[in-house]
Amino acid sequence: MGNAPASTLSEIEWLFARDGTLTGKDAQGKWLLGNSLPMRTAKRMLRKLQCAQSVACFLDVPHAAFLKEALRKLNRNQGIVAVVPDAERLNQILHCENFSTEIGTRLWFATGEDWDQSLAEIFQNHPGLSTPSTFIRTSFTDESALQTMISRAQKVFAAENARRGQIIQENLRAGSKRTERICLFAPSMFRLWDPAALVLSEMLPGVRFDPDQPVNSAPLGLSLAVRDCDAIVAANVAQADAQGIVPEDKAWITWVTRPIIPAYTGAKRDSLLLADESWTQTARHAGWPEKQLAVAAWPQIFSRATPSRGNYLTMISDTTTVAAEPDHFELSSHALLWETIRQQLSKNPFDLREDPGQYLVRWLERCQVARDGLDIKAFIEELIIPTYQQSIVKLLSQNGLSVRCFGAGWEQIESCASHVGGKISDMDQMEEAVGGAAALIHASPMTFAHPIEGMGRVVISTACSNEKAFIADALRAARGELALPRSRGTSISAEMILARI
């Protein structure tokens with residue numbers, strides 16, 4: 001297909017395909033893609049599409065349906081640079097689908113015989129757009145043509161990366177400017193139970209750098225964003241994460257909201273604001289000087305939240321179906337360990353009293369199973385956490401308590417089908433779910449600081465509890481007899497941050 005010239009728009013009879021996709025027939029009466037099912041073909045060919053990078057390069061796009069499907073398969077913070085050498089085919093693509101909201105934010109086109117020059121201009125005009133290392137291709141273009149395109153594209157990317165490296169070095173040599181301007185490093189995508197960036201963005205003025213935008217995914221994007229700023233403020237991202245990109249003499253204030261302490265680079269103007277005072281000792285051991293540390297607890301997150309209680313005990317967490325007999329383990333000992341943990345947590349969720357990783361280590365030692373070859377991530381995310389969550393909901397229901405479960409996956413859990421509240425895709429839905437809760441069920445036994453403490457609702461947890469005490473707390477919470485969580489200290493504020501710059 002890549003070598004055959006596309007029909008001009010005037011030669012095409014525009015039709016809806018059998019799968020509902022807008023497409024057409026050429027002057028010879030042939031379908032543009034060679035069949036009347038472009039979207040179905042795209043879904044089949046791209047069914048295994050995965051991209052770990054923020055930007056992918058789609059070579060010789062055969063039809064608009066393929067581009068639409070590729071964008072659907074990628075996350076909202078990922079983009080595509082589409083190479084369409086034939087300008088007439090690009091016209092066809094733009095007539096078949098409306099990409100107006102994606103062009104310039106998640107989608108860019110390089111076209112014409114000199115498409116590699118067009119490709120280079122895209123990255124020169126968008127210095128924060130990452131150069132791709134993932135290529136999307138289809139069997140509609142022969143392999144030799146694809147290899148030639150890959151070679152041409154890689155030359156463009158190599159030259160652009162070298163150019164960007166020089167600019168970053170120039171910015172590093174220029175050092176910091178005392179401008180009193182703040183660059184707020186704040187991802188915009190909604191992430192369940194990770195509202196730290198939202199909290200910071202609501203309290204701080206200044207330049208906002210959004211790494212969730214594909215046009216801000218390259219190191220040069222951050223380098224340019226902070227060039228004229230005196231300080232960077234971020235949640236859980238520190239100077240050590242941007243070494244070689246940001247001058248070390250710029251102040252970098254990091255609000256740490258999870259128990260992972262950033263490395264100390266020696267930068268004297270940097271500070272850590274810790275959501276949990278218990279992390280202070282860990283930060284000292286990591287080399288952070290006392291004067292560069294402070295406690296900054298979670299604030300009240302929903303300022304508009306109604307103070308009245310709802311009717312349900314509410315769990316807000318994504319979950320997944322737990323396989324009783326997973327088929328991806330090569331060793332029988334791993335499958336046996338999986339089933340043993342599943343049965344134990346299903347029967348007694350209070351067996352999990354610690355970090356899930358430590359819990360797994362304890363089981364490995366108890367069952368004398370070696371770590372080598374064990375899919376630790378699968379055990380934690382696909383077994384331990386969801387089994388624990390579902391067991392807690394089942395336990396509360398068995399004791400006559402009204403429970404609602406919000407988040408993805410609950411509709412697939414048979415024992416929780418009557419408790420499904422719906423998915424949570426943004427902060428408005430989150431606020432609505434919290435507003436209808438008599439109390440919130442902590443979906444983890446961990447006791448460190450968590451944003452659930454800033455939701456304005458009573459929180460019940462299995463931490464430091466047994467079944468009898470937990471049920472008693474749940475009953476009291478349902479009756480409105482429990483107090484709100486205690487503050488872990490002074491809440492983070494703009495004044496606290498500005499005092500550190």
# chains A, B, ... in the order shown; residues from 1 in each chain; ligands from 1
$ residues_around --residues "A:Lys268" --least-positions-apart "2" --cutoff "12 Å" --atoms "only C-alpha atoms" --output "PyMOL selection string"
chain A and resi 239+248-253+264-266+270-272+287-293+500-501
$ closest_atom_pairs --of "stretch 359-404 of chain A" --to "stretch 463-473 of chain A" --cutoff "12 Å" --atoms "only C-alpha atoms" --output "CSV"
residue,atom,partner,partner_atom,distance
A:Ser391,CA,A:Glu467,CA,11.5
A:Ile392,CA,A:Glu467,CA,9.7
A:Val393,CA,A:Ile471,CA,11.3
A:Lys394,CA,A:Ile471,CA,11.8
A:Leu395,CA,A:Ile471,CA,8.5
A:Leu396,CA,A:Ile471,CA,7.0
A:Ser397,CA,A:Ile471,CA,10.3
A:Gln398,CA,A:Ile471,CA,10.3
A:Asn399,CA,A:Ile471,CA,7.6
A:Gly400,CA,A:Ile471,CA,10.1
A:Leu401,CA,A:Ile471,CA,9.1
$ closest_residue --among "A:Gly128, A:Trp298, A:Gln358, A:Ala238" --to "A:Leu274" --atoms "only C-alpha atoms"
A:Trp298
$ select_by_dssp --residues "stretch 169-405 of chain A" --states "strand (DSSP E)" --output "number ranges by chain"
A: 182-185, 207-209, 231-235, 251-256, 271-274, 293-295, 312-316, 403-405
$ write_last_selection --atoms "N, CA, C and O atoms" --output "compact mmCIF listing (two decimals), in the first residue's frame"
# COMPACT_ATOMS: atom_id res chain seq x y z
N ILE A 182 7.88 30.71 40.17
CA ILE A 182 7.81 29.30 40.56
C ILE A 182 7.35 28.46 39.38
O ILE A 182 6.41 28.83 38.67
N CYS A 183 8.02 27.35 39.17
CA CYS A 183 7.56 26.36 38.21
C CYS A 183 6.92 25.22 38.99
O CYS A 183 7.59 24.56 39.79
N LEU A 184 5.64 25.03 38.80
CA LEU A 184 4.92 23.96 39.49
C LEU A 184 4.88 22.73 38.60
O LEU A 184 4.28 22.73 37.54
N PHE A 185 5.56 21.67 39.05
CA PHE A 185 5.58 20.40 38.34
C PHE A 185 4.34 19.64 38.76
O PHE A 185 4.28 19.08 39.85
N VAL A 207 4.18 29.25 36.89
CA VAL A 207 4.20 28.47 35.66
C VAL A 207 3.90 27.02 35.99
O VAL A 207 4.53 26.44 36.87
N ARG A 208 2.94 26.42 35.29
CA ARG A 208 2.62 25.01 35.53
C ARG A 208 3.22 24.16 34.43
O ARG A 208 2.95 24.38 33.24
N PHE A 209 4.02 23.19 34.83
CA PHE A 209 4.59 22.23 33.88
C PHE A 209 3.84 20.92 34.07
O PHE A 209 3.88 20.31 35.13
N ALA A 231 12.48 28.66 41.24
CA ALA A 231 12.22 27.50 42.09
C ALA A 231 11.26 26.55 41.40
O ALA A 231 10.46 26.95 40.55
N ILE A 232 11.36 25.28 41.78
CA ILE A 232 10.45 24.24 41.30
C ILE A 232 9.75 23.64 42.51
O ILE A 232 10.39 23.36 43.53
N VAL A 233 8.45 23.46 42.40
CA VAL A 233 7.66 22.81 43.44
C VAL A 233 7.00 21.58 42.82
O VAL A 233 6.42 21.65 41.73
N ALA A 234 7.09 20.45 43.50
CA ALA A 234 6.54 19.21 42.95
C ALA A 234 6.11 18.29 44.08
O ALA A 234 6.55 18.44 45.23
N ALA A 235 5.28 17.33 43.74
CA ALA A 235 4.90 16.27 44.68
C ALA A 235 5.63 15.00 44.27
O ALA A 235 5.49 14.54 43.14
N ALA A 251 16.07 26.36 43.67
CA ALA A 251 15.39 25.74 44.81
C ALA A 251 14.38 24.71 44.30
O ALA A 251 13.63 24.98 43.36
N TRP A 252 14.40 23.54 44.91
CA TRP A 252 13.44 22.49 44.54
C TRP A 252 12.74 22.03 45.81
O TRP A 252 13.35 21.42 46.69
N ILE A 253 11.45 22.32 45.90
CA ILE A 253 10.66 21.98 47.07
C ILE A 253 9.79 20.77 46.73
O ILE A 253 8.97 20.84 45.80
N THR A 254 9.97 19.68 47.43
CA THR A 254 9.23 18.46 47.16
C THR A 254 8.30 18.12 48.31
O THR A 254 8.75 17.99 49.45
N TRP A 255 7.03 17.99 47.99
CA TRP A 255 6.06 17.51 48.98
C TRP A 255 5.99 16.00 48.85
O TRP A 255 5.57 15.46 47.83
N VAL A 256 6.44 15.29 49.87
CA VAL A 256 6.50 13.84 49.86
C VAL A 256 5.22 13.30 50.48
O VAL A 256 4.98 13.48 51.67
N SER A 271 14.28 21.40 49.63
CA SER A 271 13.58 21.05 50.87
C SER A 271 12.63 19.89 50.61
O SER A 271 12.12 19.73 49.50
N LEU A 272 12.41 19.10 51.68
CA LEU A 272 11.38 18.08 51.66
C LEU A 272 10.30 18.47 52.65
O LEU A 272 10.59 18.78 53.81
N LEU A 273 9.04 18.46 52.21
CA LEU A 273 7.90 18.65 53.07
C LEU A 273 7.22 17.29 53.18
O LEU A 273 6.72 16.75 52.19
N LEU A 274 7.22 16.72 54.37
CA LEU A 274 6.80 15.34 54.56
C LEU A 274 5.36 15.27 55.09
O LEU A 274 5.03 15.88 56.10
N LEU A 293 14.12 20.00 56.14
CA LEU A 293 12.98 19.12 56.32
C LEU A 293 11.88 19.83 57.10
O LEU A 293 12.15 20.66 57.96
N ALA A 294 10.63 19.48 56.79
CA ALA A 294 9.48 19.99 57.54
C ALA A 294 8.32 19.02 57.34
O ALA A 294 8.29 18.27 56.37
N VAL A 295 7.39 19.06 58.28
CA VAL A 295 6.19 18.22 58.17
C VAL A 295 5.07 19.05 57.57
O VAL A 295 4.82 20.18 58.00
N TYR A 312 -23.78 5.08 53.41
CA TYR A 312 -23.03 3.86 53.17
C TYR A 312 -21.62 3.93 53.75
O TYR A 312 -21.04 5.00 53.86
N LEU A 313 -21.10 2.75 54.08
CA LEU A 313 -19.67 2.62 54.25
C LEU A 313 -19.10 2.46 52.84
O LEU A 313 -19.59 1.62 52.07
N THR A 314 -18.14 3.26 52.50
CA THR A 314 -17.70 3.34 51.10
C THR A 314 -16.23 2.99 50.95
O THR A 314 -15.38 3.55 51.65
N MET A 315 -15.95 2.05 50.03
CA MET A 315 -14.58 1.75 49.65
C MET A 315 -14.34 2.33 48.26
O MET A 315 -15.11 2.07 47.33
N ILE A 316 -13.28 3.12 48.13
CA ILE A 316 -12.92 3.71 46.84
C ILE A 316 -11.56 3.17 46.45
O ILE A 316 -10.54 3.53 47.02
N VAL A 403 -22.67 -1.33 52.16
CA VAL A 403 -21.37 -1.01 51.60
C VAL A 403 -21.52 -0.63 50.14
O VAL A 403 -22.30 -1.25 49.40
N ARG A 404 -20.79 0.39 49.71
CA ARG A 404 -20.70 0.76 48.30
C ARG A 404 -19.22 0.71 47.90
O ARG A 404 -18.34 1.16 48.65
N CYS A 405 -18.98 0.19 46.69
CA CYS A 405 -17.61 0.09 46.18
C CYS A 405 -17.48 0.92 44.90
O CYS A 405 -18.17 0.65 43.91
$ atom_distance --atom1 "atom CA of A:Ala443" --atom2 "atom CA of A:Leu200"
24.4 Å
$ residues_around --residues "A:Ile93" --least-positions-apart "3" --cutoff "8 Å" --atoms "only C-alpha atoms" --output "ChimeraX atom specification"
/A:63-64,89-90,96-97
$ select_by_dssp --residues "stretch 30-63 of chain A" --states "alpha helix (DSSP H)" --output "PyMOL selection string"
chain A and resi 38-45
$ atom_distance --atom1 "atom CA of A:Leu59" --atom2 "atom CA of A:Asp212"
23.8 Å
$ atom_distance --atom1 "atom CA of A:Pro259" --atom2 "atom CA of A:Gln281"
11.4 Å
$ residues_around --residues "A:Leu119" --least-positions-apart "2" --cutoff "9 Å" --atoms "only C-alpha atoms" --output "list in words"
Val81, Val83, Trp108, Phe109, Ala110, Thr111, Asp114, Trp115, Asp116, Gln117, Glu121, Ile122, Phe123, Gln124, Ala153, Val156 and Phe157 of chain A
$ write_last_selection --atoms "N, CA, C and O atoms" --output "mmCIF file, in the first residue's frame"
data_model
loop_
_atom_site.group_PDB
_atom_site.id
_atom_site.type_symbol
_atom_site.label_atom_id
_atom_site.label_comp_id
_atom_site.auth_asym_id
_atom_site.auth_seq_id
_atom_site.Cartn_x
_atom_site.Cartn_y
_atom_site.Cartn_z
ATOM 1 N N VAL A 81 3.104 10.409 16.526
ATOM 2 C CA VAL A 81 3.571 11.134 15.350
ATOM 3 C C VAL A 81 3.332 10.214 14.165
ATOM 4 O O VAL A 81 3.918 9.126 14.090
ATOM 5 N N VAL A 83 3.451 9.236 10.275
ATOM 6 C CA VAL A 83 4.145 9.478 9.007
ATOM 7 C C VAL A 83 3.250 8.975 7.879
ATOM 8 O O VAL A 83 2.950 7.780 7.806
ATOM 9 N N TRP A 108 0.396 14.317 15.598
ATOM 10 C CA TRP A 108 1.109 15.170 14.650
ATOM 11 C C TRP A 108 1.346 14.373 13.365
ATOM 12 O O TRP A 108 1.501 13.149 13.410
ATOM 13 N N PHE A 109 1.359 15.097 12.220
ATOM 14 C CA PHE A 109 1.536 14.439 10.930
ATOM 15 C C PHE A 109 2.793 14.926 10.229
ATOM 16 O O PHE A 109 3.076 16.137 10.195
ATOM 17 N N ALA A 110 3.543 13.971 9.677
ATOM 18 C CA ALA A 110 4.658 14.271 8.769
ATOM 19 C C ALA A 110 4.290 13.669 7.420
ATOM 20 O O ALA A 110 3.958 12.480 7.344
ATOM 21 N N THR A 111 4.332 14.463 6.358
ATOM 22 C CA THR A 111 3.861 13.975 5.069
ATOM 23 C C THR A 111 4.727 14.495 3.925
ATOM 24 O O THR A 111 5.607 15.342 4.128
ATOM 25 N N ASP A 114 9.443 14.382 1.123
ATOM 26 C CA ASP A 114 10.481 14.742 2.105
ATOM 27 C C ASP A 114 9.884 14.721 3.517
ATOM 28 O O ASP A 114 10.050 15.660 4.297
ATOM 29 N N TRP A 115 9.192 13.639 3.813
ATOM 30 C CA TRP A 115 8.512 13.574 5.105
ATOM 31 C C TRP A 115 9.467 13.621 6.277
ATOM 32 O O TRP A 115 9.099 14.044 7.383
ATOM 33 N N ASP A 116 10.718 13.195 6.081
ATOM 34 C CA ASP A 116 11.661 13.249 7.200
ATOM 35 C C ASP A 116 11.993 14.691 7.579
ATOM 36 O O ASP A 116 12.233 14.992 8.749
ATOM 37 N N GLN A 117 11.967 15.591 6.608
ATOM 38 C CA GLN A 117 12.162 17.011 6.935
ATOM 39 C C GLN A 117 10.956 17.528 7.712
ATOM 40 O O GLN A 117 11.105 18.287 8.679
ATOM 41 N N GLU A 121 10.849 19.007 11.632
ATOM 42 C CA GLU A 121 10.234 20.287 11.999
ATOM 43 C C GLU A 121 9.244 20.123 13.145
ATOM 44 O O GLU A 121 9.097 21.031 13.975
ATOM 45 N N ILE A 122 8.575 18.974 13.193
ATOM 46 C CA ILE A 122 7.642 18.728 14.304
ATOM 47 C C ILE A 122 8.370 18.812 15.637
ATOM 48 O O ILE A 122 7.923 19.481 16.584
ATOM 49 N N PHE A 123 9.521 18.161 15.744
ATOM 50 C CA PHE A 123 10.255 18.122 17.011
ATOM 51 C C PHE A 123 10.989 19.428 17.291
ATOM 52 O O PHE A 123 11.175 19.808 18.447
ATOM 53 N N GLN A 124 11.392 20.136 16.248
ATOM 54 C CA GLN A 124 12.000 21.453 16.456
ATOM 55 C C GLN A 124 10.966 22.449 16.961
ATOM 56 O O GLN A 124 11.279 23.304 17.801
ATOM 57 N N ALA A 153 13.659 7.810 9.821
ATOM 58 C CA ALA A 153 13.123 8.416 11.042
ATOM 59 C C ALA A 153 14.163 8.431 12.153
ATOM 60 O O ALA A 153 14.310 9.426 12.882
ATOM 61 N N VAL A 156 16.540 11.261 11.934
ATOM 62 C CA VAL A 156 15.927 12.506 12.416
ATOM 63 C C VAL A 156 15.966 12.561 13.932
ATOM 64 O O VAL A 156 16.347 13.585 14.524
ATOM 65 N N PHE A 157 15.608 11.460 14.587
ATOM 66 C CA PHE A 157 15.560 11.444 16.050
ATOM 67 C C PHE A 157 16.952 11.617 16.652
ATOM 68 O O PHE A 157 17.127 12.327 17.649
#
$ residues_around --residues "A:Arg371" --least-positions-apart "5" --cutoff "12 Å" --atoms "only C-alpha atoms" --output "compact mmCIF listing (two decimals) with C-alpha atoms, in the first residue's frame"
# COMPACT_ATOMS: atom_id res chain seq x y z
CA LEU A 331 6.92 -23.35 38.64
CA SER A 333 5.60 -23.88 43.79
CA HIS A 334 4.58 -20.38 42.63
CA LEU A 337 1.92 -20.20 46.92
CA GLY A 357 5.64 -6.59 49.73
CA LEU A 360 4.78 -11.63 50.44
CA VAL A 361 8.34 -11.99 51.76
CA ARG A 362 6.95 -13.47 54.95
CA TRP A 363 5.03 -16.06 52.96
CA LEU A 364 8.08 -16.88 50.83
CA GLU A 365 10.07 -17.59 53.97
CA ILE A 376 6.34 -10.15 42.57
CA LYS A 377 4.27 -7.42 40.90
CA PHE A 379 1.43 -11.37 43.41
